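run_31.cif (mmCIF, N, CA and C atoms) appears below.
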data_run
#
loop_
_atom_site.label_atom_id
_atom_site.label_comp_id
_atom_site.auth_asym_id
_atom_site.auth_seq_id
_atom_site.Cartn_x
_atom_site.Cartn_y
_atom_site.Cartn_z
N MET A 1 112.77 86.01 65.21
CA MET A 1 113.12 86.64 66.48
C MET A 1 113.02 85.59 67.58
N GLU A 2 114.02 85.55 68.42
CA GLU A 2 114.05 84.63 69.56
C GLU A 2 113.14 85.15 70.66
N ALA A 3 112.63 84.22 71.47
CA ALA A 3 111.75 84.59 72.58
C ALA A 3 112.45 85.51 73.57
N THR A 4 113.74 85.29 73.80
CA THR A 4 114.45 86.15 74.76
C THR A 4 114.55 87.58 74.25
N GLU A 5 114.72 87.74 72.94
CA GLU A 5 114.76 89.08 72.37
C GLU A 5 113.39 89.75 72.48
N ALA A 6 112.35 89.01 72.17
CA ALA A 6 110.99 89.54 72.29
C ALA A 6 110.69 89.91 73.74
N LEU A 7 111.13 89.09 74.66
CA LEU A 7 110.91 89.35 76.08
C LEU A 7 111.60 90.65 76.50
N GLY A 8 112.79 90.88 76.03
CA GLY A 8 113.50 92.13 76.34
C GLY A 8 112.78 93.35 75.81
N ILE A 9 112.26 93.24 74.60
CA ILE A 9 111.53 94.36 74.00
C ILE A 9 110.24 94.63 74.77
N LEU A 10 109.48 93.58 75.07
CA LEU A 10 108.23 93.75 75.81
C LEU A 10 108.49 94.33 77.20
N SER A 11 109.53 93.86 77.85
CA SER A 11 109.85 94.37 79.19
C SER A 11 110.18 95.85 79.14
N ALA A 12 110.97 96.26 78.16
CA ALA A 12 111.31 97.68 78.03
C ALA A 12 110.06 98.51 77.78
N LEU A 13 109.21 98.06 76.88
CA LEU A 13 107.98 98.80 76.59
C LEU A 13 107.08 98.87 77.82
N ALA A 14 106.96 97.76 78.55
CA ALA A 14 106.13 97.74 79.75
C ALA A 14 106.66 98.69 80.81
N ASN A 15 107.96 98.92 80.80
CA ASN A 15 108.57 99.85 81.75
C ASN A 15 108.61 101.29 81.22
N GLY A 16 107.96 101.51 80.06
CA GLY A 16 107.87 102.87 79.51
C GLY A 16 109.15 103.37 78.89
N VAL A 17 109.98 102.44 78.40
CA VAL A 17 111.29 102.80 77.84
C VAL A 17 111.39 102.28 76.40
N HIS A 18 111.93 103.11 75.53
CA HIS A 18 112.15 102.69 74.14
C HIS A 18 113.19 101.57 74.16
N PRO A 19 112.88 100.41 73.56
CA PRO A 19 113.79 99.26 73.67
C PRO A 19 115.15 99.46 73.00
N ASN A 20 115.23 100.33 72.01
CA ASN A 20 116.51 100.54 71.30
C ASN A 20 117.32 101.68 71.86
N THR A 21 116.66 102.77 72.24
CA THR A 21 117.39 103.97 72.67
C THR A 21 117.47 104.13 74.18
N GLY A 22 116.56 103.46 74.91
CA GLY A 22 116.52 103.62 76.36
C GLY A 22 115.81 104.89 76.79
N GLU A 23 115.30 105.65 75.81
CA GLU A 23 114.59 106.89 76.10
C GLU A 23 113.25 106.59 76.78
N VAL A 24 112.90 107.35 77.81
CA VAL A 24 111.63 107.20 78.51
C VAL A 24 110.54 107.82 77.66
N PHE A 25 109.44 107.08 77.50
CA PHE A 25 108.32 107.59 76.70
C PHE A 25 107.63 108.73 77.45
N PRO A 26 107.12 109.71 76.70
CA PRO A 26 106.39 110.80 77.36
C PRO A 26 105.05 110.29 77.93
N PRO A 27 104.50 110.98 78.90
CA PRO A 27 103.26 110.52 79.55
C PRO A 27 102.10 110.28 78.58
N GLU A 28 102.04 111.00 77.47
CA GLU A 28 100.93 110.84 76.52
C GLU A 28 101.15 109.66 75.56
N SER A 29 102.27 109.00 75.64
CA SER A 29 102.56 107.85 74.77
C SER A 29 101.60 106.70 75.07
N PRO A 30 101.22 105.94 74.06
CA PRO A 30 100.38 104.75 74.30
C PRO A 30 101.05 103.76 75.26
N TYR A 31 102.37 103.75 75.29
CA TYR A 31 103.10 102.82 76.15
C TYR A 31 103.06 103.23 77.62
N GLN A 32 102.53 104.41 77.91
CA GLN A 32 102.40 104.87 79.29
C GLN A 32 100.96 104.74 79.79
N GLN A 33 100.05 104.26 78.93
CA GLN A 33 98.65 104.09 79.32
C GLN A 33 98.52 102.83 80.19
N PRO A 34 97.81 102.91 81.31
CA PRO A 34 97.73 101.80 82.26
C PRO A 34 97.32 100.46 81.64
N GLU A 35 96.31 100.47 80.78
CA GLU A 35 95.87 99.18 80.20
C GLU A 35 96.91 98.59 79.26
N VAL A 36 97.65 99.43 78.56
CA VAL A 36 98.72 98.96 77.68
C VAL A 36 99.86 98.39 78.52
N VAL A 37 100.21 99.08 79.58
CA VAL A 37 101.29 98.62 80.46
C VAL A 37 100.91 97.26 81.06
N ARG A 38 99.66 97.13 81.54
CA ARG A 38 99.21 95.84 82.10
C ARG A 38 99.26 94.73 81.05
N ALA A 39 98.82 95.04 79.83
CA ALA A 39 98.84 94.04 78.76
C ALA A 39 100.28 93.61 78.45
N LEU A 40 101.19 94.55 78.44
CA LEU A 40 102.60 94.21 78.18
C LEU A 40 103.18 93.35 79.30
N PHE A 41 102.81 93.64 80.55
CA PHE A 41 103.29 92.82 81.66
C PHE A 41 102.70 91.40 81.58
N VAL A 42 101.43 91.29 81.18
CA VAL A 42 100.82 89.96 81.00
C VAL A 42 101.57 89.19 79.92
N ALA A 43 101.86 89.84 78.81
CA ALA A 43 102.60 89.20 77.72
C ALA A 43 104.01 88.80 78.18
N THR A 44 104.64 89.66 78.96
CA THR A 44 105.97 89.37 79.48
C THR A 44 105.95 88.13 80.36
N ARG A 45 104.98 88.06 81.29
CA ARG A 45 104.86 86.89 82.17
C ARG A 45 104.59 85.62 81.37
N ALA A 46 103.78 85.71 80.34
CA ALA A 46 103.48 84.53 79.52
C ALA A 46 104.74 84.02 78.81
N LEU A 47 105.53 84.93 78.27
CA LEU A 47 106.78 84.53 77.62
C LEU A 47 107.76 83.94 78.62
N GLU A 48 107.85 84.52 79.81
CA GLU A 48 108.74 83.99 80.84
C GLU A 48 108.32 82.58 81.25
N SER A 49 107.02 82.37 81.41
CA SER A 49 106.51 81.05 81.78
C SER A 49 106.80 80.02 80.69
N ALA A 50 106.56 80.39 79.45
CA ALA A 50 106.83 79.48 78.34
C ALA A 50 108.31 79.14 78.27
N SER A 51 109.15 80.13 78.53
CA SER A 51 110.60 79.90 78.51
C SER A 51 111.02 78.94 79.61
N ARG A 52 110.46 79.11 80.83
CA ARG A 52 110.78 78.20 81.94
C ARG A 52 110.33 76.78 81.62
N GLN A 53 109.13 76.63 81.06
CA GLN A 53 108.63 75.30 80.71
C GLN A 53 109.50 74.65 79.65
N SER A 54 109.92 75.42 78.67
CA SER A 54 110.78 74.90 77.61
C SER A 54 112.13 74.46 78.17
N THR A 55 112.68 75.26 79.06
CA THR A 55 113.96 74.92 79.69
C THR A 55 113.82 73.64 80.50
N ARG A 56 112.74 73.53 81.26
CA ARG A 56 112.52 72.33 82.08
C ARG A 56 112.34 71.10 81.19
N ALA A 57 111.59 71.24 80.11
CA ALA A 57 111.35 70.10 79.22
C ALA A 57 112.66 69.62 78.59
N ARG A 58 113.55 70.54 78.25
CA ARG A 58 114.84 70.14 77.66
C ARG A 58 115.72 69.43 78.68
N ALA A 59 115.53 69.73 79.96
CA ALA A 59 116.35 69.12 81.01
C ALA A 59 115.87 67.73 81.40
N LEU A 60 114.65 67.37 81.03
CA LEU A 60 114.11 66.06 81.41
C LEU A 60 114.68 64.96 80.52
N PRO A 61 114.74 63.74 81.05
CA PRO A 61 115.20 62.61 80.24
C PRO A 61 114.29 62.40 79.02
N GLY A 62 114.82 61.77 78.01
CA GLY A 62 114.15 61.62 76.72
C GLY A 62 112.84 60.85 76.71
N ASN A 63 112.64 59.91 77.62
CA ASN A 63 111.43 59.09 77.59
C ASN A 63 110.34 59.53 78.55
N VAL A 64 110.53 60.68 79.21
CA VAL A 64 109.53 61.16 80.15
C VAL A 64 108.20 61.37 79.42
N GLY A 65 107.15 60.79 79.98
CA GLY A 65 105.81 60.95 79.41
C GLY A 65 105.47 59.97 78.31
N LYS A 66 106.43 59.22 77.85
CA LYS A 66 106.17 58.24 76.79
C LYS A 66 105.61 56.97 77.41
N PRO A 67 104.78 56.24 76.66
CA PRO A 67 104.24 54.98 77.21
C PRO A 67 105.35 53.94 77.39
N TRP A 68 105.14 53.08 78.36
CA TRP A 68 106.08 52.00 78.62
C TRP A 68 105.73 50.81 77.72
N THR A 69 106.75 50.16 77.18
CA THR A 69 106.54 48.94 76.40
C THR A 69 106.67 47.74 77.32
N GLY A 70 106.16 46.61 76.89
CA GLY A 70 106.31 45.38 77.67
C GLY A 70 107.76 45.02 77.87
N GLU A 71 108.56 45.21 76.84
CA GLU A 71 109.99 44.89 76.92
C GLU A 71 110.69 45.81 77.92
N GLU A 72 110.30 47.09 77.92
CA GLU A 72 110.91 48.03 78.86
C GLU A 72 110.52 47.67 80.29
N ASP A 73 109.26 47.29 80.49
CA ASP A 73 108.83 46.84 81.82
C ASP A 73 109.64 45.64 82.29
N GLN A 74 109.88 44.70 81.40
CA GLN A 74 110.67 43.51 81.77
C GLN A 74 112.08 43.90 82.18
N ARG A 75 112.70 44.81 81.42
CA ARG A 75 114.05 45.26 81.76
C ARG A 75 114.07 46.00 83.09
N LEU A 76 113.04 46.82 83.33
CA LEU A 76 112.93 47.54 84.59
C LEU A 76 112.85 46.57 85.77
N LEU A 77 111.95 45.60 85.68
CA LEU A 77 111.75 44.67 86.78
C LEU A 77 112.99 43.81 87.00
N ALA A 78 113.64 43.40 85.93
CA ALA A 78 114.85 42.60 86.06
C ALA A 78 115.96 43.40 86.75
N ALA A 79 116.10 44.66 86.37
CA ALA A 79 117.13 45.50 86.98
C ALA A 79 116.82 45.74 88.45
N PHE A 80 115.57 46.00 88.77
CA PHE A 80 115.19 46.23 90.16
C PHE A 80 115.40 44.96 90.99
N ASP A 81 114.97 43.83 90.46
CA ASP A 81 115.11 42.56 91.19
C ASP A 81 116.58 42.19 91.38
N ALA A 82 117.45 42.67 90.47
CA ALA A 82 118.88 42.40 90.58
C ALA A 82 119.56 43.35 91.57
N GLY A 83 118.79 44.29 92.13
CA GLY A 83 119.34 45.19 93.14
C GLY A 83 119.99 46.45 92.61
N GLN A 84 119.76 46.77 91.35
CA GLN A 84 120.36 47.98 90.79
C GLN A 84 119.75 49.22 91.45
N ALA A 85 120.53 50.26 91.59
CA ALA A 85 120.07 51.52 92.17
C ALA A 85 119.06 52.19 91.25
N LEU A 86 118.08 52.87 91.87
CA LEU A 86 117.04 53.51 91.08
C LEU A 86 117.60 54.58 90.14
N GLY A 87 118.62 55.30 90.57
CA GLY A 87 119.22 56.31 89.70
C GLY A 87 119.79 55.71 88.42
N GLY A 88 120.46 54.58 88.55
CA GLY A 88 121.01 53.90 87.38
C GLY A 88 119.92 53.36 86.47
N ILE A 89 118.88 52.83 87.09
CA ILE A 89 117.75 52.31 86.30
C ILE A 89 117.10 53.47 85.55
N ALA A 90 116.92 54.60 86.23
CA ALA A 90 116.30 55.77 85.60
C ALA A 90 117.13 56.24 84.40
N ARG A 91 118.44 56.31 84.58
CA ARG A 91 119.31 56.73 83.46
C ARG A 91 119.22 55.75 82.29
N ALA A 92 119.22 54.45 82.60
CA ALA A 92 119.17 53.44 81.54
C ALA A 92 117.87 53.52 80.74
N HIS A 93 116.79 53.90 81.41
CA HIS A 93 115.48 53.98 80.74
C HIS A 93 115.16 55.39 80.26
N GLU A 94 116.07 56.34 80.51
CA GLU A 94 115.85 57.75 80.17
C GLU A 94 114.54 58.25 80.74
N ARG A 95 114.35 57.99 82.05
CA ARG A 95 113.16 58.42 82.78
C ARG A 95 113.59 59.00 84.11
N THR A 96 112.66 59.62 84.80
CA THR A 96 112.99 60.18 86.11
C THR A 96 112.91 59.08 87.17
N ILE A 97 113.55 59.33 88.32
CA ILE A 97 113.46 58.37 89.42
C ILE A 97 112.01 58.25 89.86
N GLY A 98 111.28 59.35 89.89
CA GLY A 98 109.85 59.30 90.23
C GLY A 98 109.06 58.42 89.28
N GLY A 99 109.40 58.48 88.00
CA GLY A 99 108.73 57.64 87.01
C GLY A 99 109.04 56.17 87.22
N ILE A 100 110.28 55.88 87.57
CA ILE A 100 110.69 54.50 87.86
C ILE A 100 109.95 54.00 89.09
N GLU A 101 109.91 54.81 90.15
CA GLU A 101 109.20 54.42 91.37
C GLU A 101 107.72 54.17 91.10
N ALA A 102 107.11 55.05 90.33
CA ALA A 102 105.69 54.88 90.01
C ALA A 102 105.44 53.57 89.28
N ARG A 103 106.34 53.24 88.38
CA ARG A 103 106.18 51.99 87.63
C ARG A 103 106.38 50.78 88.53
N LEU A 104 107.32 50.88 89.46
CA LEU A 104 107.53 49.78 90.42
C LEU A 104 106.34 49.62 91.34
N VAL A 105 105.69 50.72 91.71
CA VAL A 105 104.46 50.64 92.50
C VAL A 105 103.39 49.94 91.68
N LYS A 106 103.26 50.32 90.42
CA LYS A 106 102.25 49.71 89.54
C LYS A 106 102.44 48.20 89.44
N HIS A 107 103.69 47.76 89.41
CA HIS A 107 103.98 46.33 89.28
C HIS A 107 104.08 45.62 90.63
N GLY A 108 103.78 46.34 91.71
CA GLY A 108 103.75 45.72 93.02
C GLY A 108 105.10 45.42 93.63
N ARG A 109 106.17 46.00 93.10
CA ARG A 109 107.51 45.75 93.64
C ARG A 109 107.78 46.58 94.88
N ILE A 110 107.19 47.77 94.95
CA ILE A 110 107.32 48.61 96.14
C ILE A 110 105.95 49.18 96.45
N ALA A 111 105.78 49.58 97.70
CA ALA A 111 104.53 50.21 98.12
C ALA A 111 104.64 51.71 97.87
N ALA A 112 103.53 52.33 97.61
CA ALA A 112 103.51 53.77 97.32
C ALA A 112 104.09 54.57 98.48
N ALA A 113 103.82 54.15 99.71
CA ALA A 113 104.29 54.91 100.87
C ALA A 113 105.81 54.95 100.95
N GLU A 114 106.47 53.89 100.55
CA GLU A 114 107.93 53.89 100.64
C GLU A 114 108.59 54.56 99.45
N SER A 115 107.85 54.75 98.37
CA SER A 115 108.45 55.35 97.18
C SER A 115 108.37 56.86 97.18
N GLY A 116 107.42 57.40 97.94
CA GLY A 116 107.22 58.84 97.89
C GLY A 116 106.33 59.25 96.74
N VAL A 117 105.86 58.29 95.94
CA VAL A 117 104.99 58.57 94.81
C VAL A 117 103.58 58.78 95.34
N ARG A 118 102.95 59.88 94.92
CA ARG A 118 101.55 60.12 95.30
C ARG A 118 100.67 59.45 94.26
N MET A 119 99.82 58.58 94.72
CA MET A 119 98.91 57.89 93.81
C MET A 119 97.74 58.81 93.50
N ARG A 120 97.21 58.73 92.29
CA ARG A 120 96.05 59.54 91.92
C ARG A 120 94.88 59.19 92.82
N GLY A 121 94.16 60.22 93.22
CA GLY A 121 92.98 60.01 94.03
C GLY A 121 93.28 59.80 95.50
N SER A 122 94.53 59.94 95.89
CA SER A 122 94.91 59.70 97.28
C SER A 122 95.48 60.97 97.87
N ALA A 123 94.80 61.53 98.84
CA ALA A 123 95.27 62.76 99.47
C ALA A 123 96.47 62.51 100.37
N SER A 124 96.56 61.31 100.91
CA SER A 124 97.63 61.03 101.87
C SER A 124 98.91 60.54 101.22
N GLY A 125 98.87 60.26 99.91
CA GLY A 125 100.06 59.76 99.24
C GLY A 125 100.13 58.25 99.28
N GLY A 126 99.20 57.59 99.95
CA GLY A 126 99.18 56.14 99.99
C GLY A 126 98.56 55.57 98.74
N ALA A 127 98.48 54.26 98.68
CA ALA A 127 97.95 53.60 97.50
C ALA A 127 96.44 53.75 97.45
N THR A 128 95.91 53.73 96.24
CA THR A 128 94.46 53.74 96.05
C THR A 128 93.96 52.31 96.05
N SER A 129 92.66 52.17 95.90
CA SER A 129 92.10 50.82 95.92
C SER A 129 92.59 49.97 94.77
N SER A 130 93.08 50.62 93.69
CA SER A 130 93.56 49.84 92.56
C SER A 130 95.04 49.51 92.67
N GLY A 131 95.71 50.01 93.71
CA GLY A 131 97.15 49.77 93.85
C GLY A 131 97.43 48.90 95.05
N PRO A 132 98.71 48.63 95.30
CA PRO A 132 99.09 47.82 96.43
C PRO A 132 98.86 48.56 97.73
N SER A 133 98.78 47.83 98.82
CA SER A 133 98.59 48.49 100.11
C SER A 133 99.87 49.17 100.52
N SER A 134 99.75 50.10 101.43
CA SER A 134 100.95 50.82 101.88
C SER A 134 101.49 50.21 103.18
N ALA A 135 101.06 49.01 103.51
CA ALA A 135 101.49 48.38 104.75
C ALA A 135 102.95 47.95 104.70
N GLY A 136 103.51 47.80 103.54
CA GLY A 136 104.91 47.39 103.42
C GLY A 136 105.18 46.95 102.00
N PRO A 137 106.39 46.59 101.71
CA PRO A 137 106.73 46.20 100.34
C PRO A 137 106.02 44.91 99.95
N VAL A 138 105.67 44.86 98.69
CA VAL A 138 105.04 43.68 98.14
C VAL A 138 106.14 42.85 97.50
N VAL A 139 106.26 41.62 97.86
CA VAL A 139 107.29 40.75 97.29
C VAL A 139 106.72 40.13 96.03
N GLY A 140 107.49 40.24 94.93
CA GLY A 140 106.94 39.76 93.68
C GLY A 140 107.85 38.94 92.89
#

Is it possible to give me this structure as structure tokens?
Amino acid sequence: MEATEALGILSALANGVHPNTGEVFPPESPYQQPEVVRALFVATRALESASRQSTRARALPGNVGKPWTGEEDQRLLAAFDAGQALGGIARAHERTIGGIEARLVKHGRIAAAESGVRMRGSASGGATSSGPSSAGPVVG
């Protein structure tokens, strides 16, 4: 059974309706009991959330979340130093533009403030003590 089919069945039951016939359940039905209805709505929300996450994960580029190799870093820096657009670099590496920017911040090619990347441990979005300063771009 597909998640979408299960979601339809749970939604119908949570609304007090027989999923196949559309008939409204009588008040004494277990599907009309408040705790059962709440449990069905919780299950429905969980399936909807899982479906949204799955859809989002399928839409992301293939290398999102994967570790960077030394060779990939070299290609990234060479492309950036050659003036290639971040969108093209992101597509070539199958990563997001945010991921490319974060890596460029890590390598000191851009400052965190100009990239829009929020550094960990920084409420203001600027660089942390382990990163470059946000005073301007770092020439490398």

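With all atoms listed in the file taken into account, the protein and nucleic acid residues at most 8 Å from Thr96 of chain A (excluding it and anything under 2 positions from it in its own chain) are Leu60, Pro61, Gly62, Asn63, Val64, Gly65, Leu86, Gly87, Ile89, Ala90, Arg91, His93, Glu94, Gly98, Gly99, Ile100, Glu101 and Ala102 of chain A.
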
>> as a PyMOL selection string, please: every residue in chain A that DSSP puts in alpha helix (DSSP H).
In response: chain A and resi 3-14+34-59+70-81+86-93+97-106+112-115

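If you measure from each of A:Leu104, A:Arg95, A:Ala14, A:Thr44 to Ala59 of chain A using only C-alpha atoms, the closest one turns out to be A:Arg95.
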
>> What's around Tyr31 of chain A at 6 Å? Count all atoms listed in the file, leave out sequence neighbours fewer than 2 positions away in its own chain, and write the answer as a PyMOL selection string.
In response: chain A and resi 13+16+29+33+36-37

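Pairwise distance (atom CA of Lys66 of chain A, atom N of Ala112 of chain A) equals 21.8 Å.
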
Show me a table, sorted first by chain and then by increasing residue number, of the residues of segment 47-92 of chain A having an atom at most 8 Å from segment 1-8 of chain A, each with its shortest atom pair and the distance in Å to one decimal, counting only N, CA and C atoms and written as a tab-separated table.
residue	atom	partner	partner_atom	distance
A:Leu47	CA	A:Leu7	CA	6.5
A:Glu48	N	A:Leu7	CA	6.8
A:Ser51	CA	A:Ala3	CA	7.6

>> Just to confirm, what's the straight-line distance from atom CA of Ser11 of chain A to atom CA of Ala57 of chain A in Å (one decimal)?
In response: 24.3 Å

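Atom pair atom N of Val42 of chain A / atom C of Arg58 of chain A: separated by 26.2 Å.
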
Axis-aligned box for all listed atoms of segment 33-41 of chain A, 8 Å per side, centre and edges in Å to one decimal, as lines of an AutoDock Vina configuration file:
center_x = 99.6
center_y = 97.8
center_z = 80.0
size_x = 23.4
size_y = 28.9
size_z = 20.6
